[in-house]
$ cat model.txt   # compact mmCIF, C-alpha atoms and all ligand atoms
# COMPACT_ATOMS: atom_id res chain seq x y z
CA MET A 1 13.25 2.48 -26.95
CA SER A 2 16.03 3.21 -24.46
CA GLN A 3 15.59 1.87 -20.97
CA ARG A 4 13.48 4.04 -18.67
CA PRO A 5 15.04 5.14 -15.35
CA PHE A 6 14.24 3.13 -12.23
CA ASN A 7 11.62 4.99 -10.22
CA PHE A 8 11.73 4.53 -6.43
CA SER A 9 8.82 6.87 -5.68
CA ALA A 10 6.72 6.09 -2.60
CA GLY A 11 3.58 7.11 -4.47
CA PRO A 12 2.20 7.82 -6.92
CA ALA A 13 4.65 5.16 -7.93
CA ALA A 14 6.02 3.25 -10.88
CA LEU A 15 3.71 1.04 -12.93
CA PRO A 16 4.73 -1.99 -15.00
CA GLU A 17 6.10 -0.76 -18.32
CA GLU A 18 4.06 -3.36 -20.23
CA VAL A 19 0.88 -1.91 -18.72
CA LEU A 20 1.83 1.66 -19.61
CA GLN A 21 2.51 0.56 -23.17
CA GLN A 22 -0.83 -1.18 -23.44
CA VAL A 23 -2.59 1.91 -22.07
CA ALA A 24 -0.79 4.04 -24.64
CA GLY A 25 -1.79 1.67 -27.44
CA GLU A 26 -5.45 1.69 -26.40
CA MET A 27 -5.63 5.37 -25.55
CA LEU A 28 -7.57 6.62 -28.57
CA ASP A 29 -9.65 3.56 -29.37
CA TRP A 30 -10.36 0.90 -26.76
CA HIS A 31 -10.93 -2.47 -28.45
CA GLY A 32 -12.55 -1.00 -31.55
CA SER A 33 -15.10 0.97 -29.56
CA GLY A 34 -13.93 4.23 -31.11
CA MET A 35 -13.54 5.70 -27.61
CA SER A 36 -10.86 6.15 -25.02
CA VAL A 37 -11.79 4.50 -21.71
CA MET A 38 -11.82 8.06 -20.32
CA GLU A 39 -14.68 8.93 -22.67
CA MET A 40 -16.99 6.02 -21.90
CA SER A 41 -20.14 5.95 -19.82
CA HIS A 42 -19.53 4.04 -16.63
CA ARG A 43 -22.87 2.35 -17.23
CA GLY A 44 -22.12 1.29 -20.80
CA ARG A 45 -21.43 -2.28 -21.90
CA GLU A 46 -17.73 -1.57 -22.57
CA PHE A 47 -16.89 -0.13 -19.18
CA ILE A 48 -18.99 -2.67 -17.30
CA SER A 49 -16.90 -5.41 -18.92
CA ILE A 50 -13.71 -3.64 -17.83
CA TYR A 51 -15.05 -3.26 -14.30
CA GLU A 52 -16.24 -6.85 -13.97
CA ALA A 53 -12.95 -8.26 -15.21
CA ALA A 54 -11.00 -6.04 -12.81
CA GLU A 55 -13.09 -7.11 -9.85
CA ALA A 56 -12.94 -10.81 -10.75
CA ASP A 57 -9.17 -10.73 -11.30
CA LEU A 58 -8.60 -8.88 -8.03
CA ARG A 59 -10.78 -11.34 -6.12
CA ASP A 60 -8.91 -14.21 -7.70
CA LEU A 61 -5.43 -12.78 -7.06
CA LEU A 62 -6.05 -12.11 -3.37
CA GLN A 63 -8.38 -15.10 -2.85
CA VAL A 64 -11.00 -12.76 -1.41
CA PRO A 65 -13.77 -14.83 0.25
CA GLN A 66 -17.34 -14.58 -1.04
CA ASN A 67 -18.55 -12.89 2.15
CA PHE A 68 -16.35 -9.87 1.41
CA ARG A 69 -17.44 -7.11 -0.95
CA ILE A 70 -14.86 -5.27 -3.02
CA LEU A 71 -15.57 -1.55 -3.39
CA PHE A 72 -13.87 0.74 -5.90
CA MET A 73 -14.04 4.13 -4.21
CA GLN A 74 -12.44 7.59 -4.29
CA GLY A 75 -10.82 9.68 -1.60
CA GLY A 76 -7.60 7.76 -0.94
CA GLY A 77 -6.33 6.38 2.33
CA LEU A 78 -6.84 9.64 4.19
CA ALA A 79 -10.53 9.84 3.33
CA GLU A 80 -10.93 6.25 4.54
CA ASN A 81 -9.60 7.43 7.90
CA ALA A 82 -12.94 9.23 8.22
CA ILE A 83 -15.12 6.93 6.10
CA VAL A 84 -14.24 3.82 8.11
CA PRO A 85 -15.18 5.26 11.52
CA MET A 86 -18.34 6.77 10.04
CA ASN A 87 -19.32 3.29 8.78
CA LEU A 88 -18.04 0.99 11.50
CA SER A 89 -17.76 2.83 14.82
CA ARG A 90 -21.47 3.63 15.42
CA GLY A 91 -20.03 6.50 17.41
CA GLY A 92 -18.56 4.05 19.90
CA LYS A 93 -15.09 2.83 20.74
CA VAL A 94 -12.19 2.39 18.36
CA ASP A 95 -8.79 1.01 19.35
CA VAL A 96 -5.84 2.06 17.20
CA VAL A 97 -2.33 0.62 17.27
CA VAL A 98 0.08 3.40 16.35
CA THR A 99 3.12 2.03 14.52
CA GLY A 100 4.12 5.08 12.49
CA SER A 101 2.98 8.22 10.74
CA TRP A 102 0.00 6.77 8.92
CA SER A 103 -1.66 4.96 11.81
CA LYS A 104 -1.10 8.08 13.91
CA LYS A 105 -3.05 10.08 11.33
CA SER A 106 -5.79 7.43 11.31
CA ALA A 107 -6.18 7.74 15.09
CA GLN A 108 -6.38 11.54 14.91
CA GLU A 109 -9.06 11.51 12.24
CA ALA A 110 -11.14 8.79 13.90
CA ARG A 111 -11.33 10.96 17.04
CA ARG A 112 -13.76 13.21 15.20
CA TYR A 113 -16.28 10.37 15.05
CA ALA A 114 -15.50 7.93 17.81
CA ASP A 115 -13.99 7.35 21.24
CA VAL A 116 -10.44 6.48 20.24
CA GLN A 117 -7.93 4.72 22.44
CA ILE A 118 -4.32 4.14 21.45
CA ALA A 119 -3.91 0.43 22.14
CA ALA A 120 -0.14 0.61 21.76
CA ASP A 121 2.33 3.17 20.43
CA GLY A 122 5.72 2.52 18.88
CA ALA A 123 6.78 6.16 19.29
CA GLY A 124 9.10 5.29 22.19
CA GLN A 125 11.15 3.14 19.79
CA ARG A 126 10.87 5.84 17.12
CA TYR A 127 8.73 3.42 15.10
CA THR A 128 11.63 1.09 14.39
CA THR A 129 9.74 -1.89 15.77
CA LEU A 130 6.14 -3.08 16.15
CA PRO A 131 4.64 -3.29 19.65
CA PRO A 132 3.89 -7.03 20.13
CA PRO A 133 0.15 -7.81 19.98
CA SER A 134 0.34 -9.35 23.47
CA SER A 135 1.08 -5.83 24.79
CA TRP A 136 -1.92 -4.14 23.12
CA GLN A 137 -4.55 -2.64 25.42
CA LEU A 138 -7.75 -3.72 23.69
CA ARG A 139 -11.21 -2.83 24.96
CA ARG A 140 -13.74 -5.66 24.94
CA ASP A 141 -16.47 -3.48 23.51
CA ALA A 142 -14.47 -1.74 20.80
CA ALA A 143 -16.29 -1.46 17.47
CA TYR A 144 -13.05 -2.28 15.66
CA VAL A 145 -9.27 -2.29 15.96
CA HIS A 146 -7.26 -0.32 13.41
CA ILE A 147 -3.70 -1.05 12.30
CA CYS A 148 -1.57 0.05 9.37
CA THR A 149 0.01 -3.12 8.01
CA ASN A 150 2.80 -1.31 6.17
CA GLU A 151 3.99 2.08 7.37
CA THR A 152 5.12 3.77 4.18
CA ILE A 153 7.21 6.47 5.87
CA ASP A 154 8.73 4.53 8.76
CA GLY A 155 9.28 1.28 6.87
CA VAL A 156 7.76 -1.20 9.33
CA GLU A 157 5.50 -4.00 8.10
CA PHE A 158 3.40 -6.65 9.78
CA ASN A 159 4.61 -10.01 8.53
CA GLU A 160 1.67 -11.68 10.19
CA LEU A 161 -1.72 -10.18 10.95
CA PRO A 162 -2.64 -10.20 14.63
CA ASP A 163 -5.17 -12.80 15.76
CA LEU A 164 -7.54 -10.57 17.75
CA LYS A 165 -9.60 -13.55 18.90
CA ALA A 166 -6.53 -15.07 20.52
CA LEU A 167 -6.06 -11.72 22.30
CA GLY A 168 -9.57 -11.98 23.74
CA SER A 169 -11.20 -9.49 21.36
CA ASP A 170 -14.18 -10.10 19.09
CA ALA A 171 -13.74 -6.75 17.35
CA PRO A 172 -13.13 -6.78 13.61
CA LEU A 173 -9.64 -5.84 12.48
CA VAL A 174 -9.35 -2.91 10.07
CA ILE A 175 -6.14 -2.74 8.08
CA ASP A 176 -4.75 0.17 6.10
CA CYS A 177 -2.75 -1.76 3.53
CA SER A 178 -2.31 1.15 1.08
CA SER A 179 1.37 0.64 0.47
CA HIS A 180 1.67 -3.13 0.29
CA GLN A 181 -1.64 -4.40 -1.02
CA LEU A 182 -1.11 -7.08 -3.66
CA SER A 183 2.54 -7.52 -2.66
CA ARG A 184 1.65 -10.60 -0.59
CA PRO A 185 -1.43 -12.65 0.35
CA ILE A 186 -3.89 -11.47 3.02
CA ASN A 187 -5.12 -13.81 5.76
CA TRP A 188 -8.80 -12.88 5.46
CA SER A 189 -9.82 -14.94 8.49
CA ARG A 190 -8.20 -12.22 10.63
CA VAL A 191 -9.62 -9.21 8.79
CA GLY A 192 -12.96 -7.38 8.87
CA LEU A 193 -12.06 -4.57 6.49
CA ALA A 194 -9.03 -3.68 4.40
CA PHE A 195 -8.48 -0.46 2.51
CA GLY A 196 -5.81 1.16 0.41
CA GLY A 197 -5.23 3.92 -2.08
CA ALA A 198 -4.23 2.51 -5.46
CA GLN A 199 -1.35 4.86 -6.22
CA LYS A 200 1.33 2.98 -4.30
CA ASN A 201 1.19 -0.53 -5.67
CA ILE A 202 -1.78 -0.85 -7.99
CA GLY A 203 -2.49 1.96 -10.41
CA PRO A 204 -3.15 5.67 -10.85
CA ALA A 205 -4.13 7.93 -7.96
CA GLY A 206 -7.85 8.50 -7.57
CA LEU A 207 -8.89 4.90 -6.93
CA THR A 208 -9.26 3.48 -3.42
CA LEU A 209 -9.91 -0.20 -2.81
CA VAL A 210 -12.04 -1.34 0.09
CA PHE A 211 -12.60 -4.98 1.02
CA VAL A 212 -15.37 -5.25 3.59
CA ARG A 213 -16.97 -8.23 5.29
CA GLU A 214 -20.69 -8.22 4.58
CA ASP A 215 -21.81 -8.17 8.20
CA LEU A 216 -20.08 -4.79 8.62
CA LEU A 217 -22.28 -3.13 5.99
CA GLY A 218 -25.34 -1.10 6.91
CA HIS A 219 -24.23 0.52 10.17
CA ALA A 220 -23.15 3.95 8.89
CA MET A 221 -23.69 7.00 11.10
CA ALA A 222 -26.39 9.43 9.97
CA ILE A 223 -23.78 12.06 9.09
CA CYS A 224 -22.01 9.72 6.64
CA PRO A 225 -22.30 11.01 3.06
CA SER A 226 -24.28 8.58 0.89
CA ALA A 227 -21.40 8.26 -1.55
CA PHE A 228 -19.22 7.07 1.33
CA ASP A 229 -21.71 4.69 2.93
CA PHE A 230 -20.22 1.26 2.27
CA LYS A 231 -23.68 -0.30 1.95
CA THR A 232 -24.78 2.24 -0.64
CA VAL A 233 -21.57 1.70 -2.58
CA ALA A 234 -21.79 -2.09 -2.32
CA ASP A 235 -25.46 -2.20 -3.35
CA ALA A 236 -24.66 -0.12 -6.43
CA GLN A 237 -21.63 -2.23 -7.47
CA SER A 238 -19.43 0.84 -6.81
CA MET A 239 -21.52 2.90 -9.23
CA TYR A 240 -23.63 4.96 -6.86
CA ASN A 241 -21.66 7.88 -8.21
CA THR A 242 -19.24 7.86 -11.12
CA PRO A 243 -16.28 5.73 -10.12
CA PRO A 244 -12.71 6.64 -11.19
CA THR A 245 -13.13 4.80 -14.47
CA PHE A 246 -9.71 5.32 -16.02
CA ALA A 247 -7.92 4.36 -12.81
CA ILE A 248 -10.05 1.19 -12.56
CA TYR A 249 -9.14 0.32 -16.15
CA VAL A 250 -5.39 0.72 -15.51
CA ALA A 251 -5.64 -1.19 -12.22
CA GLY A 252 -7.43 -3.96 -14.12
CA LEU A 253 -4.49 -4.20 -16.53
CA VAL A 254 -2.12 -4.38 -13.56
CA PHE A 255 -4.21 -7.27 -12.15
CA LYS A 256 -3.89 -9.11 -15.48
CA TRP A 257 -0.13 -8.41 -15.49
CA LEU A 258 0.13 -9.84 -11.98
CA LYS A 259 -1.86 -12.96 -12.82
CA ALA A 260 0.48 -13.71 -15.71
CA PHE A 261 3.63 -12.76 -13.78
CA SER A 262 6.13 -15.56 -13.29
CA TYR A 263 9.32 -15.70 -11.29
CA ALA A 264 11.43 -18.40 -9.70
CA GLY A 265 9.13 -21.17 -10.90
CA LYS A 266 6.04 -19.48 -9.43
CA THR A 267 3.20 -17.49 -10.99
CA GLY A 268 0.83 -14.74 -9.92
CA LEU A 269 0.83 -13.39 -6.39
CA ALA A 270 3.24 -16.08 -5.16
CA ALA A 271 5.71 -15.04 -7.85
CA ILE A 272 5.52 -11.31 -7.12
CA GLU A 273 5.82 -11.99 -3.40
CA GLN A 274 8.96 -14.06 -3.98
CA ARG A 275 10.49 -11.32 -6.09
CA ASN A 276 9.57 -8.75 -3.43
CA ILE A 277 11.32 -10.88 -0.80
CA ASP A 278 14.41 -11.23 -2.97
CA LYS A 279 14.55 -7.50 -3.75
CA ALA A 280 14.18 -6.51 -0.10
CA GLN A 281 16.84 -9.00 1.03
CA LEU A 282 19.26 -7.68 -1.53
CA LEU A 283 18.82 -4.07 -0.43
CA TYR A 284 18.77 -4.68 3.34
CA GLY A 285 21.83 -6.92 2.95
CA ALA A 286 23.72 -4.12 1.21
CA LEU A 287 22.66 -1.53 3.80
CA ASP A 288 23.63 -3.78 6.72
CA GLN A 289 27.09 -4.28 5.22
CA SER A 290 27.59 -0.62 4.44
CA ARG A 291 29.91 1.59 6.50
CA LEU A 292 28.12 4.67 5.19
CA PHE A 293 24.42 3.83 5.22
CA GLU A 294 22.02 2.16 7.60
CA ASN A 295 18.41 1.08 7.92
CA ARG A 296 17.21 1.36 11.54
CA VAL A 297 14.20 -0.93 11.55
CA ALA A 298 14.24 -4.18 13.59
CA ALA A 299 14.91 -7.19 11.38
CA ASP A 300 11.58 -8.94 12.01
CA CYS A 301 9.40 -6.03 10.88
CA ARG A 302 11.33 -4.49 8.03
CA SER A 303 9.09 -3.50 5.16
CA ARG A 304 9.56 -5.27 1.86
CA MET A 305 8.13 -2.24 0.10
CA ASN A 306 9.49 0.96 1.66
CA ILE A 307 13.08 0.99 2.84
CA PRO A 308 14.21 4.19 4.54
CA PHE A 309 17.96 4.59 4.93
CA TYR A 310 20.25 7.17 6.41
CA LEU A 311 23.91 8.10 6.49
CA ARG A 312 25.50 6.64 9.59
CA GLY A 313 26.70 8.77 12.53
CA SER A 314 29.67 10.92 11.53
CA TYR A 315 28.79 10.75 7.84
CA ASP A 316 25.33 12.17 8.43
CA GLU A 317 25.46 15.63 6.93
CA PRO A 318 23.13 17.34 4.46
CA ARG A 319 25.87 17.85 1.88
CA LEU A 320 26.50 14.11 1.55
CA ASN A 321 22.78 13.37 1.51
CA ASP A 322 22.31 15.81 -1.36
CA ALA A 323 25.33 14.44 -3.22
CA PHE A 324 23.89 10.94 -2.95
CA LEU A 325 20.53 11.98 -4.36
CA ALA A 326 22.05 14.02 -7.19
CA GLY A 327 24.35 11.13 -8.15
CA ALA A 328 21.41 8.72 -8.05
CA LYS A 329 19.40 10.86 -10.41
CA ALA A 330 22.33 11.11 -12.81
CA ARG A 331 22.37 7.29 -12.95
CA GLY A 332 18.66 7.03 -13.62
CA LEU A 333 17.65 6.15 -10.05
CA LEU A 334 14.75 8.50 -9.38
CA GLN A 335 12.81 9.77 -6.34
CA LEU A 336 15.01 8.34 -3.57
CA LYS A 337 14.59 11.34 -1.27
CA GLY A 338 13.25 10.40 2.17
CA HIS A 339 9.90 11.70 3.39
CA LYS A 340 10.16 15.30 4.58
CA SER A 341 9.20 14.34 8.13
CA VAL A 342 12.14 11.94 8.56
CA GLY A 343 14.73 13.05 6.00
CA GLY A 344 17.44 10.77 4.64
CA MET A 345 16.61 8.45 1.78
CA ARG A 346 13.85 6.00 1.03
CA ALA A 347 13.68 3.34 -1.66
CA SER A 348 10.15 2.23 -2.42
CA ILE A 349 10.38 -1.05 -4.27
CA TYR A 350 6.81 -1.95 -5.08
CA ASN A 351 5.65 -4.78 -7.36
CA ALA A 352 6.55 -2.89 -10.53
CA MET A 353 10.22 -2.45 -9.54
CA PRO A 354 12.30 -5.08 -11.32
CA LEU A 355 15.16 -6.87 -9.58
CA GLU A 356 17.53 -5.02 -11.91
CA GLY A 357 16.42 -1.71 -10.37
CA VAL A 358 17.43 -2.84 -6.88
CA GLN A 359 20.69 -4.26 -8.25
CA ALA A 360 21.43 -0.89 -9.83
CA LEU A 361 20.74 0.86 -6.51
CA VAL A 362 23.00 -1.56 -4.61
CA THR A 363 25.79 -0.98 -7.12
CA TYR A 364 25.39 2.76 -6.66
CA LEU A 365 25.44 2.44 -2.84
CA LYS A 366 28.78 0.61 -3.11
CA ASP A 367 30.25 3.03 -5.63
CA PHE A 368 29.21 5.99 -3.50
CA GLU A 369 30.75 4.42 -0.42
CA ALA A 370 34.02 3.74 -2.26
CA GLN A 371 34.13 7.41 -3.20
CA HIS A 372 33.03 8.98 0.08
CA GLY A 373 33.42 6.35 2.83
C1 LIG B 401 -0.18 7.04 1.14
C2 LIG B 401 -0.85 6.45 2.30
C3 LIG B 401 -2.04 6.97 2.81
C4 LIG B 401 -2.69 8.22 2.27
O1 LIG B 401 -3.19 8.01 1.03
P1 LIG B 401 -3.90 9.20 0.21
O2 LIG B 401 -4.32 8.46 -1.00
O3 LIG B 401 -2.88 10.24 -0.04
O4 LIG B 401 -5.03 9.69 1.02
C5 LIG B 401 -2.63 6.34 3.89
N1 LIG B 401 -2.08 5.25 4.44
C6 LIG B 401 -0.92 4.72 3.99
C7 LIG B 401 -0.35 3.52 4.64
C8 LIG B 401 -0.28 5.31 2.90
O5 LIG B 401 0.87 4.79 2.44
$ encode --input "model.txt" --output "structure tokens"
Amino acid sequence: MSQRPFNFSAGPAALPEEVLQQVAGEMLDWHGSGMSVMEMSHRGREFISIYEAAEADLRDLLQVPQNFRILFMQGGGLAENAIVPMNLSRGGKVDVVVTGSWSKKSAQEARRYADVQIAADGAGQRYTTLPPPSSWQLRRDAAYVHICTNETIDGVEFNELPDLKALGSDAPLVIDCSSHQLSRPINWSRVGLAFGGAQKNIGPAGLTLVFVREDLLGHAMAICPSAFDFKTVADAQSMYNTPPTFAIYVAGLVFKWLKAFSYAGKTGLAAIEQRNIDKAQLLYGALDQSRLFENRVAADCRSRMNIPFYLRGSYDEPRLNDAFLAGAKARGLLQLKGHKSVGGMRASIYNAMPLEGVQALVTYLKDFEAQHG
């Protein structure tokens, strides 16, 4: 089989080729069952075994403590923007740190259910830097504090989770980690709830992962739909309603792929994190040296996953942007167009992107500059 193109989509995004091949091989008959996973009862022995392995592997990969429940839900990150306040706010106060487009959306949606305060806002710096936690205006009696740990559009990432206790707050921290979950470890001692849509770094769209500390279950507002009440979902092992079975199956294969992944003498999550660091360094290094292109994010909060880049000053014209994207596609470098709200280019280099893909992009950046710079 000829090599597939390198896919830089922000999401739904590339999956490991080995996983796609395994899915193809098992499509018509999963493990001699005579059924595709899509055709199985979610309550049958076969699917339960798929589900239990996926949950155990995920817990193992991220070292999720026993006092956290893992929920396999539907609705994506945007639905969680409503589901989380309905479950955690009790109609009270919610502090949101706005660091880009996604946390801004989270704040807007939470306003429908809670008294929302923007604890800090990076808009003044055009979301090229993260407001330092010491500057956050946190309310003592907030039900929780929301942050987005990787802003997929703006390309800023928290390299360390804030220690709310050290900031004088006892509120649980809620993190939207949609676009970098499983790219690095999570410091669970600083987290009350983490959520993320699967389609960026884990598997097919339709699956949403929620990790919730047990003491936060059971406080849903009366208006919360039963299917979105974390306690109902947790009590039913994510099978209160039919879960996204096929997406869970594919995600489970990705978890197995990650556990076996090795790189630079490491295995599992440590290995994928190291490769993510190396890929990001390679691309930022090339952009920083370029006369034609630039990334505008401050060095200490540059995302390892989503790297927006733009033509510099006098080169910045739509014609050159379009030429870059057309040339990229011709070389098998797909979906590099920037988000419509910010323009330019964006390379999303999630777990499934091999180092060779970033090397090919860097080579193209240099060739393009030699031709047009
Ligand atoms: C993509 C994304 C979302 C929205 O996810 P949907 O699944 O489309 O609802 C929310 N937050 C972040 C950080 C994202 O990257």
$ closest_residue --input "model.txt" --among "A:Gly313, A:Gly344, A:Gly168, A:Gly197" --to "ligand LIG 401 (chain B)" --atoms "only C-alpha atoms and all ligand atoms"
A:Gly197
$ closest_residue --input "model.txt" --among "A:Trp30, A:Asn201, A:Ser303, A:Phe8" --to "Lys329 (chain A)" --atoms "all atoms listed in the file"
A:Phe8
$ axis_aligned_box --input "model.txt" --around "ligand LIG 401 (chain B)" --padding-each-side "5 Å" --output "lines of an AutoDock Vina configuration file"
center_x = -2.1
center_y = 6.9
center_z = 1.8
size_x = 15.9
size_y = 16.7
size_z = 15.6
$ residues_near_ligand --input "model.txt" --ligand "ligand LIG 401 (chain B)" --cutoff "10 Å" --atoms "only C-alpha atoms and all ligand atoms" --output "PDB file with C-alpha atoms, in the frame of the given file"
ATOM      1  CA  ALA A  10       6.720   6.090  -2.600  1.00  0.00           C
ATOM      2  CA  GLY A  11       3.580   7.110  -4.470  1.00  0.00           C
ATOM      3  CA  PRO A  12       2.200   7.820  -6.920  1.00  0.00           C
ATOM      4  CA  GLN A  74     -12.440   7.590  -4.290  1.00  0.00           C
ATOM      5  CA  GLY A  75     -10.820   9.680  -1.600  1.00  0.00           C
ATOM      6  CA  GLY A  76      -7.600   7.760  -0.940  1.00  0.00           C
ATOM      7  CA  GLY A  77      -6.330   6.380   2.330  1.00  0.00           C
ATOM      8  CA  LEU A  78      -6.840   9.640   4.190  1.00  0.00           C
ATOM      9  CA  ALA A  79     -10.530   9.840   3.330  1.00  0.00           C
ATOM     10  CA  GLU A  80     -10.930   6.250   4.540  1.00  0.00           C
ATOM     11  CA  ASN A  81      -9.600   7.430   7.900  1.00  0.00           C
ATOM     12  CA  GLY A 100       4.120   5.080  12.490  1.00  0.00           C
ATOM     13  CA  SER A 101       2.980   8.220  10.740  1.00  0.00           C
ATOM     14  CA  TRP A 102       0.000   6.770   8.920  1.00  0.00           C
ATOM     15  CA  SER A 103      -1.660   4.960  11.810  1.00  0.00           C
ATOM     16  CA  LYS A 104      -1.100   8.080  13.910  1.00  0.00           C
ATOM     17  CA  LYS A 105      -3.050  10.080  11.330  1.00  0.00           C
ATOM     18  CA  SER A 106      -5.790   7.430  11.310  1.00  0.00           C
ATOM     19  CA  ILE A 147      -3.700  -1.050  12.300  1.00  0.00           C
ATOM     20  CA  CYS A 148      -1.570   0.050   9.370  1.00  0.00           C
ATOM     21  CA  THR A 149       0.010  -3.120   8.010  1.00  0.00           C
ATOM     22  CA  ASN A 150       2.800  -1.310   6.170  1.00  0.00           C
ATOM     23  CA  GLU A 151       3.990   2.080   7.370  1.00  0.00           C
ATOM     24  CA  THR A 152       5.120   3.770   4.180  1.00  0.00           C
ATOM     25  CA  ILE A 153       7.210   6.470   5.870  1.00  0.00           C
ATOM     26  CA  ILE A 175      -6.140  -2.740   8.080  1.00  0.00           C
ATOM     27  CA  ASP A 176      -4.750   0.170   6.100  1.00  0.00           C
ATOM     28  CA  CYS A 177      -2.750  -1.760   3.530  1.00  0.00           C
ATOM     29  CA  SER A 178      -2.310   1.150   1.080  1.00  0.00           C
ATOM     30  CA  SER A 179       1.370   0.640   0.470  1.00  0.00           C
ATOM     31  CA  HIS A 180       1.670  -3.130   0.290  1.00  0.00           C
ATOM     32  CA  GLN A 181      -1.640  -4.400  -1.020  1.00  0.00           C
ATOM     33  CA  PHE A 195      -8.480  -0.460   2.510  1.00  0.00           C
ATOM     34  CA  GLY A 196      -5.810   1.160   0.410  1.00  0.00           C
ATOM     35  CA  GLY A 197      -5.230   3.920  -2.080  1.00  0.00           C
ATOM     36  CA  ALA A 198      -4.230   2.510  -5.460  1.00  0.00           C
ATOM     37  CA  GLN A 199      -1.350   4.860  -6.220  1.00  0.00           C
ATOM     38  CA  LYS A 200       1.330   2.980  -4.300  1.00  0.00           C
ATOM     39  CA  ASN A 201       1.190  -0.530  -5.670  1.00  0.00           C
ATOM     40  CA  ALA A 205      -4.130   7.930  -7.960  1.00  0.00           C
ATOM     41  CA  GLY A 206      -7.850   8.500  -7.570  1.00  0.00           C
ATOM     42  CA  LEU A 207      -8.890   4.900  -6.930  1.00  0.00           C
ATOM     43  CA  THR A 208      -9.260   3.480  -3.420  1.00  0.00           C
ATOM     44  CA  ASN A 306       9.490   0.960   1.660  1.00  0.00           C
TER      45      ASN A 306
END
$ closest_residue --input "model.txt" --among "A:Ile349, A:Leu173, A:Leu311, A:Ile118" --to "Val212 (chain A)" --atoms "only C-alpha atoms"
A:Leu173
